[in-house]
>>> print(open('coords-v8.txt').read())   # compact mmCIF, C-alpha atoms and all ligand atoms
# COMPACT_ATOMS: atom_id res chain seq x y z
CA MET D 536 221.85 172.50 114.95
CA PHE D 537 219.70 169.55 115.90
CA LYS D 538 219.24 169.01 119.63
CA GLY D 539 218.07 165.42 119.69
CA VAL D 540 218.35 162.14 117.81
CA LEU D 541 215.41 159.72 117.86
CA PHE D 542 216.47 156.14 117.21
CA ASP D 543 214.40 153.30 115.90
CA LEU D 544 215.66 150.03 117.40
CA ASP D 545 214.99 146.94 115.30
CA GLY D 546 217.17 147.19 112.20
CA ILE D 547 219.03 150.30 113.45
CA LEU D 548 220.71 149.48 116.75
CA THR D 549 220.96 145.77 115.97
CA ASP D 550 219.75 143.05 113.63
CA THR D 551 216.53 142.19 115.48
CA ALA D 552 214.47 143.05 112.37
CA GLU D 553 215.70 139.69 111.07
CA TYR D 554 214.45 137.88 114.20
CA HIS D 555 211.04 139.57 113.99
CA TYR D 556 210.85 138.28 110.41
CA ARG D 557 211.86 134.74 111.39
CA ALA D 558 209.40 134.67 114.28
CA TRP D 559 206.50 135.84 112.07
CA LYS D 560 207.55 133.33 109.40
CA LYS D 561 207.52 130.52 111.96
CA LEU D 562 204.08 131.50 113.24
CA GLY D 563 202.84 131.92 109.65
CA GLN D 564 204.01 128.42 108.72
CA GLU D 565 202.17 126.98 111.69
CA ILE D 566 198.87 128.58 110.78
CA GLY D 567 199.28 128.04 107.03
CA ILE D 568 200.15 131.60 105.97
CA PRO D 569 203.58 131.58 104.31
CA ILE D 570 205.39 134.92 104.17
CA ASP D 571 208.48 136.14 102.34
CA ARG D 572 210.89 139.06 102.82
CA LYS D 573 208.93 141.25 100.42
CA PHE D 574 205.78 140.92 102.54
CA ASN D 575 207.88 141.42 105.66
CA GLU D 576 208.71 144.99 104.54
CA GLN D 577 205.10 145.84 105.46
CA LEU D 578 205.58 144.49 108.98
CA LYS D 579 208.75 146.44 109.79
CA GLY D 580 208.12 149.10 112.43
CA VAL D 581 204.50 147.97 112.80
CA SER D 582 203.26 146.92 116.26
CA ARG D 583 202.85 143.27 117.20
CA ASN D 584 199.03 143.29 117.04
CA ASP D 585 198.91 145.30 113.79
CA SER D 586 201.49 142.97 112.24
CA LEU D 587 199.34 139.97 113.16
CA LYS D 588 196.34 141.65 111.56
CA LEU D 589 198.33 142.24 108.35
CA LEU D 590 199.42 138.60 108.33
CA LEU D 591 195.83 137.35 108.68
CA GLU D 592 194.51 139.89 106.16
CA LYS D 593 197.04 138.58 103.66
CA ALA D 594 195.20 135.24 103.70
CA ASP D 595 191.78 136.83 104.20
CA ARG D 596 191.46 135.06 107.55
CA VAL D 597 190.96 137.88 110.05
CA GLY D 598 187.43 136.77 110.92
CA GLU D 599 188.57 133.25 111.84
CA TYR D 600 189.99 134.23 115.22
CA ASN D 601 188.37 135.69 118.32
CA SER D 602 190.25 138.21 120.46
CA GLU D 603 191.49 135.56 122.88
CA ARG D 604 192.96 133.47 120.07
CA LEU D 605 194.51 136.59 118.48
CA GLN D 606 196.20 137.31 121.79
CA GLU D 607 197.51 133.73 121.92
CA LEU D 608 198.96 134.04 118.42
CA ALA D 609 200.64 137.37 119.25
CA THR D 610 202.10 135.87 122.44
CA CYS D 611 203.28 132.83 120.52
CA LYS D 612 205.15 135.05 118.02
CA ASN D 613 206.67 137.02 120.86
CA ASN D 614 207.84 133.84 122.59
CA TYR D 615 209.57 132.69 119.40
CA TYR D 616 211.18 136.14 119.17
CA LEU D 617 212.29 136.14 122.81
CA GLU D 618 213.91 132.73 122.35
CA MET D 619 215.78 134.06 119.30
CA ILE D 620 217.13 137.19 121.00
CA LYS D 621 218.08 135.68 124.35
CA ASN D 622 221.79 135.47 123.54
CA ILE D 623 222.10 138.93 122.03
CA GLY D 624 224.89 140.99 123.58
CA PRO D 625 226.97 144.16 123.09
CA GLU D 626 228.86 142.46 120.24
CA ASP D 627 225.61 142.52 118.24
CA VAL D 628 225.31 146.31 118.20
CA TYR D 629 225.43 147.35 114.55
CA PRO D 630 228.71 148.82 113.24
CA GLY D 631 229.13 152.53 113.89
CA ILE D 632 226.26 152.83 116.37
CA LEU D 633 228.35 152.84 119.56
CA THR D 634 230.73 155.45 118.13
CA LEU D 635 227.79 157.59 117.04
CA LEU D 636 226.14 157.37 120.47
CA LYS D 637 229.42 158.37 122.14
CA GLU D 638 229.86 161.29 119.74
CA LEU D 639 226.31 162.51 120.36
CA LYS D 640 226.84 162.33 124.11
CA GLY D 641 230.14 164.20 123.74
CA HIS D 642 228.40 167.00 121.85
CA GLY D 643 225.54 167.25 124.35
CA ILE D 644 222.91 165.96 121.90
CA LYS D 645 220.03 164.17 123.61
CA VAL D 646 219.19 160.66 122.49
CA SER D 647 215.78 158.99 122.70
CA LEU D 648 214.36 155.63 121.66
CA ALA D 649 211.37 155.63 119.29
CA SER D 650 210.76 151.92 118.82
CA ALA D 651 207.40 150.25 118.29
CA SER D 652 208.73 147.30 120.24
CA LYS D 653 207.58 146.49 123.76
CA ASN D 654 210.89 144.62 124.03
CA GLY D 655 212.88 147.86 123.58
CA PRO D 656 214.04 148.24 127.21
CA LEU D 657 214.98 144.54 127.36
CA LEU D 658 217.09 144.92 124.21
CA LEU D 659 218.81 148.12 125.34
CA GLY D 660 219.80 146.17 128.45
CA LEU D 661 221.10 143.17 126.49
CA LEU D 662 223.06 145.47 124.16
CA LYS D 663 224.36 147.47 127.15
CA LEU D 664 223.25 150.73 125.55
CA ASN D 665 220.99 151.96 128.38
CA SER D 666 223.38 154.65 129.55
CA PHE D 667 223.34 156.38 126.15
CA PHE D 668 219.58 156.93 126.10
CA ASP D 669 218.15 160.01 127.81
CA GLY D 670 214.61 158.89 127.00
CA ILE D 671 212.61 155.86 125.91
CA ALA D 672 209.17 156.29 124.36
CA ASP D 673 206.83 153.61 125.69
CA PRO D 674 204.81 152.20 122.74
CA GLU D 675 202.02 151.27 125.18
CA LYS D 676 201.45 154.98 125.84
CA ILE D 677 200.66 156.09 122.29
CA ALA D 678 197.33 156.10 120.47
CA PHE D 679 198.67 155.19 117.04
CA GLY D 680 201.75 153.30 115.91
CA LYS D 681 204.02 154.04 112.94
CA PRO D 682 203.32 155.39 110.25
CA LYS D 683 201.55 157.88 112.56
CA PRO D 684 204.03 160.25 114.25
CA ASP D 685 203.06 159.52 117.89
CA ILE D 686 206.08 157.45 118.94
CA PHE D 687 208.53 160.03 117.55
CA LEU D 688 206.64 162.91 119.14
CA LEU D 689 206.72 161.10 122.49
CA ALA D 690 210.41 160.25 122.09
CA ALA D 691 211.17 163.95 121.48
CA LYS D 692 208.96 165.04 124.39
CA ASN D 693 210.80 162.65 126.70
CA ILE D 694 214.04 164.56 126.09
CA ASN D 695 212.35 167.98 126.25
CA VAL D 696 213.10 168.82 122.65
CA ARG D 697 210.66 169.66 119.83
CA ALA D 698 210.49 167.05 117.07
CA GLU D 699 211.46 169.77 114.58
CA GLU D 700 214.80 170.02 116.36
CA CYS D 701 215.50 166.30 116.00
CA ILE D 702 216.84 163.81 113.52
CA GLY D 703 214.98 160.48 113.36
CA ILE D 704 216.77 157.35 112.18
CA GLU D 705 214.79 154.49 110.64
CA ASP D 706 215.05 151.35 108.50
CA ALA D 707 211.32 150.91 107.73
CA ILE D 708 208.97 152.77 105.43
CA ALA D 709 206.31 153.04 108.18
CA GLY D 710 208.93 154.61 110.45
CA VAL D 711 210.17 157.05 107.80
CA GLN D 712 206.58 158.22 107.26
CA ALA D 713 206.17 158.59 111.04
CA ILE D 714 209.30 160.77 111.25
CA GLN D 715 208.21 162.87 108.30
CA SER D 716 204.81 163.58 109.88
CA SER D 717 206.37 164.32 113.28
CA GLY D 718 208.37 167.23 111.85
CA ALA D 719 211.75 165.65 112.59
CA MET D 720 214.32 165.16 109.84
CA PRO D 721 214.49 161.54 108.68
CA ILE D 722 217.64 159.63 107.85
CA GLY D 723 217.05 156.17 106.46
CA VAL D 724 219.22 153.09 106.61
CA GLY D 725 218.55 150.85 103.64
CA LYS D 726 217.54 151.37 100.04
CA THR D 727 215.66 154.07 98.13
CA SER D 728 213.49 151.32 96.62
CA GLU D 729 212.22 150.51 100.14
CA LEU D 730 212.31 153.91 101.87
CA GLY D 731 211.51 156.35 99.06
CA ASP D 732 213.52 159.22 97.60
CA LYS D 733 212.43 162.07 99.84
CA LEU D 734 215.10 161.59 102.49
CA ASN D 735 218.80 161.02 102.94
CA ILE D 736 219.61 157.31 103.01
CA VAL D 737 222.76 155.46 103.99
CA PRO D 738 223.25 151.81 102.96
CA THR D 739 224.51 150.68 106.38
CA THR D 740 224.76 152.04 109.94
CA GLU D 741 228.55 152.38 109.55
CA LYS D 742 227.90 155.53 107.53
CA LEU D 743 225.89 157.11 110.36
CA THR D 744 228.66 159.30 111.74
CA TYR D 745 228.15 162.47 113.75
CA ASP D 746 229.72 164.48 110.91
CA TYR D 747 227.29 162.91 108.43
CA LEU D 748 224.30 163.89 110.58
CA VAL D 749 225.61 167.46 110.93
CA SER D 750 226.25 167.75 107.19
CA LYS D 751 222.72 166.59 106.32
CA TRP D 752 221.15 168.88 108.93
CA GLU D 753 223.01 171.85 107.45
CA ASP D 754 222.20 170.91 103.82
P1 LIG W 801 207.36 143.79 119.70
P2 LIG W 801 211.08 149.13 115.65
C1 LIG W 801 209.27 147.20 115.64
O1 LIG W 801 210.40 147.79 116.18
C2 LIG W 801 209.64 146.12 114.65
O2 LIG W 801 210.22 146.69 113.50
C3 LIG W 801 208.41 145.36 114.24
O3 LIG W 801 208.77 144.31 113.37
C4 LIG W 801 207.74 144.78 115.49
O4 LIG W 801 206.53 144.11 115.14
C5 LIG W 801 207.41 145.92 116.45
O5 LIG W 801 208.61 146.61 116.78
C6 LIG W 801 206.78 145.44 117.74
O6 LIG W 801 207.72 144.69 118.43
O7 LIG W 801 206.56 142.62 119.24
O8 LIG W 801 208.73 143.42 120.23
O9 LIG W 801 206.59 144.67 120.66
O10 LIG W 801 211.57 148.83 114.28
O11 LIG W 801 210.01 150.20 115.72
O12 LIG W 801 212.19 149.34 116.63
MG MG W 802 213.11 149.26 112.60
>>> encode(input="coords-v8.txt", output="structure tokens")
Amino acid sequence: MFKGVLFDLDGILTDTAEYHYRAWKKLGQEIGIPIDRKFNEQLKGVSRNDSLKLLLEKADRVGEYNSERLQELATCKNNYYLEMIKNIGPEDVYPGILTLLKELKGHGIKVSLASASKNGPLLLGLLKLNSFFDGIADPEKIAFGKPKPDIFLLAAKNINVRAEECIGIEDAIAGVQAIQSSGAMPIGVGKTSELGDKLNIVPTTEKLTYDYLVSKWED
């Protein structure tokens, strides 16, 4: 049986993936780099600074900005994002997630957060999910972001479980790749066309029941 579950945050616990998209879109419009949802798939799960680099690379404009200006742009995006999430509350937790967290707790399975977001602790607080998490991996403490496995390895370490004994849950291709290289078993939320066909995928978080996780682990 698996001993831990490693949760991505944005797009898994709540709909903040949408707000990240809107905040990048707003920044992009201001600096003349329009983005659409298709391009946004590349940004999901990717750190703030790496996302900014991808945005600028899209328009071949990386060289235009010095490090101070890059920092300003990243801060600007984060401020837009913070404004958008300020009213998020427990009612915004995705369907099925609270029940799943309760079931995991009831079965003694450890739960850890493996989000690339520096706003993870803030969001867990807003969503009132803090008490369900035995560990939170700090994205500032890892060398490489998703698709490298570091954040999932750290999330597993924080609950004293080997990654191989964990299930990782993700909505982004970079995150799925990170789980696969960590040795944990991935479960995706979304579509095969976005996440690939080498993992079990559910269309929505409602389907993420404890029994489903057990059945896939035992497959
Ligand atoms: P922040 P996840 C990721 O969170 C988001 O998917 C990604 O869009 C965002 O750029 C990244 O966090 C960094 O977030 O700017 O708040 O530090 O999906 O890994 O939970
Ligand atoms: Mg995500």
>>> closest_residue(input="coords-v8.txt", among="D:Lys560, D:Asp571, D:Ile722, D:Gly598", to="Val737 of chain D", atoms="all atoms listed in the file")
D:Ile722
>>> residues_near_ligand(input="coords-v8.txt", ligand="ligand LIG 801 (chain W)", cutoff="7 Å", atoms="all atoms listed in the file", output="PyMOL selection string")
chain D and resi 543-546+552+555+578-583+586+613+649-655+707+710
>>> residues_near_point(input="coords-v8.txt", point="(208.9, 135.4, 118.9)", cutoff="10 Å", atoms="only C-alpha atoms", output="PDB file with C-alpha atoms, in the coordinates of the input")
ATOM      1  CA  TYR D 554     214.450 137.880 114.200  1.00  0.00           C
ATOM      2  CA  HIS D 555     211.040 139.570 113.990  1.00  0.00           C
ATOM      3  CA  TYR D 556     210.850 138.280 110.410  1.00  0.00           C
ATOM      4  CA  ARG D 557     211.860 134.740 111.390  1.00  0.00           C
ATOM      5  CA  ALA D 558     209.400 134.670 114.280  1.00  0.00           C
ATOM      6  CA  TRP D 559     206.500 135.840 112.070  1.00  0.00           C
ATOM      7  CA  LYS D 560     207.550 133.330 109.400  1.00  0.00           C
ATOM      8  CA  LYS D 561     207.520 130.520 111.960  1.00  0.00           C
ATOM      9  CA  LEU D 562     204.080 131.500 113.240  1.00  0.00           C
ATOM     10  CA  ALA D 609     200.640 137.370 119.250  1.00  0.00           C
ATOM     11  CA  THR D 610     202.100 135.870 122.440  1.00  0.00           C
ATOM     12  CA  CYS D 611     203.280 132.830 120.520  1.00  0.00           C
ATOM     13  CA  LYS D 612     205.150 135.050 118.020  1.00  0.00           C
ATOM     14  CA  ASN D 613     206.670 137.020 120.860  1.00  0.00           C
ATOM     15  CA  ASN D 614     207.840 133.840 122.590  1.00  0.00           C
ATOM     16  CA  TYR D 615     209.570 132.690 119.400  1.00  0.00           C
ATOM     17  CA  TYR D 616     211.180 136.140 119.170  1.00  0.00           C
ATOM     18  CA  LEU D 617     212.290 136.140 122.810  1.00  0.00           C
ATOM     19  CA  GLU D 618     213.910 132.730 122.350  1.00  0.00           C
ATOM     20  CA  MET D 619     215.780 134.060 119.300  1.00  0.00           C
ATOM     21  CA  ILE D 620     217.130 137.190 121.000  1.00  0.00           C
TER      22      ILE D 620
END
>>> atom_distance(input="coords-v8.txt", atom1="atom CA of Gly670 of chain D", atom2="atom CA of Val724 of chain D")
21.7 Å
>>> atom_distance(input="coords-v8.txt", atom1="atom CA of Gly567 of chain D", atom2="atom CA of Ala594 of chain D")
8.9 Å
>>> closest_residue(input="coords-v8.txt", among="D:Leu659, D:Leu587, D:Leu541, D:Ile644", to="Ile686 of chain D", atoms="all atoms listed in the file")
D:Leu541
>>> closest_residue(input="coords-v8.txt", among="D:Ala678, D:Val711, D:Leu664, D:Ile632", to="ligand MG 802 (chain W)", atoms="only C-alpha atoms and all ligand atoms")
D:Val711
